[in-house]
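What follows is the content of input-v6.cif (mmCIF, C-alpha atoms and all ligand atoms).
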```cif
data_coords
loop_
_atom_site.group_PDB
_atom_site.id
_atom_site.type_symbol
_atom_site.label_atom_id
_atom_site.label_comp_id
_atom_site.auth_asym_id
_atom_site.auth_seq_id
_atom_site.Cartn_x
_atom_site.Cartn_y
_atom_site.Cartn_z
ATOM 1 C CA MET A 463 94.270 104.634 107.660
ATOM 2 C CA ALA A 464 92.579 102.288 110.126
ATOM 3 C CA ILE A 465 93.261 102.645 113.841
ATOM 4 C CA ASN A 466 92.333 99.670 116.014
ATOM 5 C CA ILE A 467 91.071 100.756 119.434
ATOM 6 C CA THR A 468 91.410 98.184 122.191
ATOM 7 C CA ASN A 469 89.416 97.553 125.391
ATOM 8 C CA CYS A 470 86.426 96.511 123.289
ATOM 9 C CA PRO A 471 83.466 95.818 125.590
ATOM 10 C CA CYS A 472 81.324 94.006 123.018
ATOM 11 C CA HIS A 473 82.708 90.437 123.351
ATOM 12 C CA CYS A 474 80.991 89.220 120.187
ATOM 13 C CA PRO A 475 81.118 85.383 120.013
ATOM 14 C CA GLY A 476 83.576 84.382 117.286
ATOM 15 C CA CYS A 477 85.322 87.782 117.326
ATOM 16 C CA HIS A 478 88.014 87.895 114.617
ATOM 17 C CA SER A 479 90.335 90.087 116.740
ATOM 18 C CA LYS A 480 90.161 88.816 120.304
ATOM 19 C CA GLU A 481 93.190 90.867 121.291
ATOM 20 C CA LEU A 482 91.045 94.002 120.918
ATOM 21 C CA ALA A 483 89.214 93.049 124.129
ATOM 22 C CA GLU A 484 92.442 93.645 126.043
ATOM 23 C CA ASP A 485 93.534 97.025 127.351
ATOM 24 C CA ILE A 486 96.761 97.146 125.331
ATOM 25 C CA GLY A 487 98.615 99.356 122.870
ATOM 26 C CA ASP A 488 99.580 103.006 122.758
ATOM 27 C CA ILE A 489 97.511 105.934 124.007
ATOM 28 C CA LEU A 490 95.433 107.461 121.235
ATOM 29 C CA ASP A 491 95.110 111.216 121.618
ATOM 30 C CA GLU A 492 95.440 114.360 119.530
ATOM 31 C CA PRO A 493 99.288 114.384 119.476
ATOM 32 C CA SER A 494 99.420 110.712 118.478
ATOM 33 C CA ILE A 495 96.929 111.396 115.691
ATOM 34 C CA ASP A 496 99.129 114.252 114.479
ATOM 35 C CA LYS A 497 102.097 111.882 114.401
ATOM 36 C CA LEU A 498 100.195 109.164 112.545
ATOM 37 C CA ILE A 499 98.993 111.636 109.928
ATOM 38 C CA ALA A 500 102.482 113.128 109.533
ATOM 39 C CA LYS A 501 103.889 109.636 108.971
ATOM 40 C CA ASN A 502 101.161 108.747 106.475
ATOM 41 C CA SER A 503 100.780 111.966 104.527
ATOM 42 C CA GLU A 504 98.815 110.430 101.645
ATOM 43 C CA ILE A 505 95.884 109.179 103.656
ATOM 44 C CA THR A 506 92.425 110.346 102.650
ATOM 45 C CA CYS A 507 90.404 108.836 105.488
ATOM 46 C CA ILE A 508 90.883 107.816 109.106
ATOM 47 C CA GLY A 509 88.821 104.870 110.287
ATOM 48 C CA PHE A 510 88.429 104.479 114.026
ATOM 49 C CA MET A 511 87.936 100.743 114.483
ATOM 50 C CA GLY A 512 86.220 100.174 117.820
ATOM 51 C CA GLY A 513 86.177 102.452 120.826
ATOM 52 C CA ASP A 514 82.781 101.344 122.099
ATOM 53 C CA SER A 515 83.974 101.564 125.678
ATOM 54 C CA ASN A 516 84.200 105.337 125.249
ATOM 55 C CA PRO A 517 82.304 106.659 122.196
ATOM 56 C CA ALA A 518 82.519 110.249 123.460
ATOM 57 C CA GLU A 519 86.300 110.054 123.241
ATOM 58 C CA VAL A 520 86.113 108.743 119.666
ATOM 59 C CA VAL A 521 83.783 111.633 118.798
ATOM 60 C CA LYS A 522 86.233 114.056 120.410
ATOM 61 C CA LEU A 523 89.126 112.706 118.329
ATOM 62 C CA ALA A 524 86.982 112.753 115.192
ATOM 63 C CA LYS A 525 86.179 116.419 115.858
ATOM 64 C CA TYR A 526 89.875 117.110 116.173
ATOM 65 C CA VAL A 527 90.558 115.520 112.783
ATOM 66 C CA ARG A 528 87.666 117.394 111.150
ATOM 67 C CA LYS A 529 88.893 120.713 112.527
ATOM 68 C CA ASN A 530 92.584 120.305 111.839
ATOM 69 C CA TYR A 531 92.585 118.119 108.727
ATOM 70 C CA PRO A 532 89.539 119.204 106.693
ATOM 71 C CA ASP A 533 90.607 117.174 103.634
ATOM 72 C CA ILE A 534 90.610 113.878 105.547
ATOM 73 C CA LYS A 535 87.396 111.914 105.889
ATOM 74 C CA VAL A 536 86.537 110.282 109.193
ATOM 75 C CA GLY A 537 84.826 106.947 109.706
ATOM 76 C CA TRP A 538 83.893 104.826 112.682
ATOM 77 C CA TYR A 539 83.392 101.074 112.977
ATOM 78 C CA SER A 540 81.244 100.392 116.024
ATOM 79 C CA GLY A 541 80.063 97.052 117.363
ATOM 80 C CA ARG A 542 76.981 98.716 118.858
ATOM 81 C CA ASN A 543 73.624 99.227 117.200
ATOM 82 C CA THR A 544 73.189 102.877 118.112
ATOM 83 C CA PHE A 545 74.793 106.116 117.010
ATOM 84 C CA PRO A 546 76.725 108.124 119.600
ATOM 85 C CA LEU A 547 75.837 111.742 120.315
ATOM 86 C CA GLU A 548 77.188 114.126 117.666
ATOM 87 C CA HIS A 549 77.600 111.282 115.192
ATOM 88 C CA GLY A 550 77.412 113.839 112.394
ATOM 89 C CA VAL A 551 81.124 114.357 112.918
ATOM 90 C CA PHE A 552 81.700 111.117 110.990
ATOM 91 C CA HIS A 553 81.483 110.861 107.211
ATOM 92 C CA TYR A 554 80.855 107.121 107.478
ATOM 93 C CA ILE A 555 79.687 104.890 110.322
ATOM 94 C CA LYS A 556 79.396 101.125 110.473
ATOM 95 C CA LEU A 557 77.061 99.879 113.190
ATOM 96 C CA GLY A 558 76.379 96.377 114.433
ATOM 97 C CA PRO A 559 78.143 93.566 116.275
ATOM 98 C CA TRP A 560 79.826 90.603 114.627
ATOM 99 C CA ILE A 561 77.297 87.761 114.319
ATOM 100 C CA GLU A 562 79.023 84.840 112.695
ATOM 101 C CA GLU A 563 76.002 83.255 111.006
ATOM 102 C CA LYS A 564 74.998 86.605 109.465
ATOM 103 C CA GLY A 565 78.434 87.237 108.009
ATOM 104 C CA PRO A 566 80.472 90.372 107.299
ATOM 105 C CA LEU A 567 79.439 93.465 105.360
ATOM 106 C CA THR A 568 80.102 91.606 102.125
ATOM 107 C CA SER A 569 77.407 89.082 103.007
ATOM 108 C CA LYS A 570 73.840 89.605 101.819
ATOM 109 C CA THR A 571 72.609 88.414 105.209
ATOM 110 C CA THR A 572 74.809 90.694 107.282
ATOM 111 C CA ASN A 573 73.287 92.428 110.294
ATOM 112 C CA GLN A 574 75.861 95.206 110.052
ATOM 113 C CA VAL A 575 75.005 98.493 108.373
ATOM 114 C CA MET A 576 77.305 101.006 106.702
ATOM 115 C CA TYR A 577 75.999 104.572 106.746
ATOM 116 C CA MET A 578 77.151 107.611 104.778
ATOM 117 C CA ASN A 579 76.613 111.148 106.029
ATOM 118 C CA ILE A 580 74.801 113.251 103.425
ATOM 119 C CA SER A 581 74.072 116.292 105.598
ATOM 120 C CA GLU A 582 74.116 119.490 103.597
ATOM 121 C CA LYS A 583 75.990 121.304 106.371
ATOM 122 C CA ASP A 584 79.354 119.763 107.181
ATOM 123 C CA ASP A 585 79.296 121.044 110.777
ATOM 124 C CA ASN A 586 75.817 119.702 111.593
ATOM 125 C CA TYR A 587 77.086 117.163 114.100
ATOM 126 C CA MET A 588 73.930 116.908 116.263
ATOM 127 C CA ASN A 589 71.248 116.327 113.615
ATOM 128 C CA PRO A 590 72.939 114.807 110.592
ATOM 129 C CA THR A 591 71.340 112.890 107.749
ATOM 130 C CA PHE A 592 72.749 109.448 107.105
ATOM 131 C CA ILE A 593 71.793 106.973 104.430
ATOM 132 C CA ASP A 594 72.357 103.228 104.461
ATOM 133 C CA ILE A 595 74.956 102.423 101.777
ATOM 134 C CA THR A 596 75.574 98.835 102.840
ATOM 135 C CA GLU A 597 74.102 97.426 99.689
ATOM 136 C CA GLN A 598 75.751 99.840 97.274
ATOM 137 C CA ALA A 599 79.157 99.574 98.848
ATOM 138 C CA PHE A 600 79.327 95.949 99.839
ATOM 139 C CA ARG A 601 76.460 93.777 98.679
ATOM 140 C CA ALA A 602 75.862 95.178 95.207
ATOM 141 C CA PRO A 603 75.799 92.645 92.382
ATOM 142 C CA LYS A 604 77.590 95.209 90.180
ATOM 143 C CA PRO A 605 81.039 96.496 91.138
ATOM 144 C CA TYR A 606 80.956 99.322 93.652
ATOM 145 C CA ASP A 607 80.962 102.630 91.800
ATOM 146 C CA PRO A 608 83.182 105.041 93.720
ATOM 147 C CA ASP A 609 82.038 107.997 91.591
ATOM 148 C CA TYR A 610 78.858 108.156 93.597
ATOM 149 C CA PHE A 611 80.740 108.671 96.801
ATOM 150 C CA ASP A 612 83.926 110.496 95.901
ATOM 151 C CA TYR A 613 83.978 114.070 97.136
ATOM 152 C CA GLN A 614 86.318 115.453 94.461
ATOM 153 C CA GLU A 615 84.250 113.840 91.762
ATOM 154 C CA ARG A 616 81.088 115.295 93.283
ATOM 155 C CA LYS A 617 82.646 118.757 93.248
ATOM 156 C CA ARG A 618 83.884 118.332 89.667
ATOM 157 C CA ARG A 619 80.457 117.293 88.461
ATOM 158 C CA ASN A 620 78.797 119.923 90.641
ATOM 159 C CA ILE A 621 76.297 117.484 92.096
ATOM 160 C CA THR A 622 74.851 117.712 95.575
ATOM 161 C CA ARG A 623 74.483 115.087 98.242
ATOM 162 C CA GLN A 624 70.744 115.055 97.547
ATOM 163 C CA ASP A 625 71.543 114.147 93.923
ATOM 164 C CA ILE A 626 73.615 111.253 95.244
ATOM 165 C CA LYS A 627 70.720 110.105 97.421
ATOM 166 C CA ALA A 628 68.429 110.183 94.378
ATOM 167 C CA MET A 629 70.987 108.181 92.354
ATOM 168 C CA LEU A 630 71.231 105.593 95.107
ATOM 169 C CA ASP A 631 67.445 105.359 95.367
ATOM 170 C CA ASN A 632 67.230 104.800 91.603
ATOM 171 C CA LYS A 633 69.924 102.166 91.813
ATOM 172 C CA ASN A 634 67.938 100.364 94.508
ATOM 173 C CA GLU A 635 64.866 100.335 92.279
ATOM 174 C CA ASP A 636 66.923 98.896 89.393
ATOM 175 C CA ASN A 637 68.249 95.999 91.492
HETATM 176 S S1 LIG A 701 82.979 94.723 118.229
HETATM 177 FE FE1 LIG A 701 84.560 93.903 116.856
HETATM 178 S S2 LIG A 701 86.437 93.778 118.110
HETATM 179 FE FE2 LIG A 701 84.703 94.023 119.523
HETATM 180 S S3 LIG A 701 84.164 91.920 120.106
HETATM 181 FE FE3 LIG A 701 82.852 92.492 118.384
HETATM 182 S S4 LIG A 701 83.977 91.763 116.563
HETATM 183 FE FE4 LIG A 701 85.443 91.792 118.262
#
```
Could you render the structure as structure tokens?
Amino acid sequence: MAINITNCPCHCPGCHSKELAEDIGDILDEPSIDKLIAKNSEITCIGFMGGDSNPAEVVKLAKYVRKNYPDIKVGWYSGRNTFPLEHGVFHYIKLGPWIEEKGPLTSKTTNQVMYMNISEKDDNYMNPTFIDITEQAFRAPKPYDPDYFDYQERKRRNITRQDIKAMLDNKNEDN
């Protein structure tokens, strides 16, 4: 489930969603997240799209989801180039503004980067370990292989996040 957050301060030239610069829409807080999840009971991941005017608030809401909905993954799409404090609360983070000539994440020339959290401890929010999965997830010449990233599959095969990192490194060498 993707949640667009308005009041975007980035003002990227050529922005695909100019309405997100406006301060419009409904308040996003813990009760509204509860309602959205109740209405969409099959979701596996919440993606906060934007929120760069107040990253601490996005982190706060992400913490709420992690605490109260441990089976739901949490991602953040930011137009900035830097991680917020406690970014380990997110399973996935996309960083980088929209730069038209560089293209989207599906473009080999994209400036944007998709990161996956591979910290061994799930509650290590301050000092997490992230790896760049942009190429595997979006630019790979072969179809994206979800087995490498799927939590249930990882549990079933009893492989660790370090094993995944090694697999990704090997994949990089192959390409
Ligand atoms: S960060 Fe996204 S929503 Fe904000 S201006 Fe850039 S492209 Fe538009």
Determine the nearest neighbour of ligand LIG 701 (chain A) from the options A:Lys564, A:Lys480, A:His553, A:Lys497, counting only C-alpha atoms and all ligand atoms.
A:Lys480
Hey, what comes out of the PyMOL selection byres (((chain A and resi 498-504) around 10) and not hetatm) on this file? Could you write it as an mmCIF file with C-alpha atoms, in the coordinates of the input?
```cif
data_model
loop_
_atom_site.group_PDB
_atom_site.id
_atom_site.type_symbol
_atom_site.label_atom_id
_atom_site.label_comp_id
_atom_site.auth_asym_id
_atom_site.auth_seq_id
_atom_site.Cartn_x
_atom_site.Cartn_y
_atom_site.Cartn_z
ATOM 1 C CA MET A 463 94.270 104.634 107.660
ATOM 2 C CA ILE A 465 93.261 102.645 113.841
ATOM 3 C CA GLU A 492 95.440 114.360 119.530
ATOM 4 C CA PRO A 493 99.288 114.384 119.476
ATOM 5 C CA SER A 494 99.420 110.712 118.478
ATOM 6 C CA ILE A 495 96.929 111.396 115.691
ATOM 7 C CA ASP A 496 99.129 114.252 114.479
ATOM 8 C CA LYS A 497 102.097 111.882 114.401
ATOM 9 C CA ILE A 505 95.884 109.179 103.656
ATOM 10 C CA THR A 506 92.425 110.346 102.650
ATOM 11 C CA CYS A 507 90.404 108.836 105.488
ATOM 12 C CA ILE A 508 90.883 107.816 109.106
ATOM 13 C CA VAL A 527 90.558 115.520 112.783
ATOM 14 C CA TYR A 531 92.585 118.119 108.727
ATOM 15 C CA ILE A 534 90.610 113.878 105.547
#
```
Enter the distance from atom S3 of ligand LIG 701 (chain A) to atom CA of A:Tyr526, in Å, rounded to one decimal.
26.1 Å
Of the listed residues A:Asp533, A:Leu547, A:Ala524, A:Trp560, that which approaches ligand LIG 701 (chain A) most closely, counting only C-alpha atoms and all ligand atoms
A:Trp560
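With the shown file loaded, the PyMOL selection byres (((not hetatm)) within 6 of (chain A and resi 701)) picks out Cys470, Cys472, His473, Cys474, Cys477, His478, Ser479, Lys480, Leu482, Gly541, Pro559 and Trp560 of chain A.
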Compare A:Gly487, A:Gly509, A:Gly550, A:Gly565 by their minimum atom-to-atom distance to A:Gly537, counting all atoms listed in the file, and give me the closest one.
A:Gly509
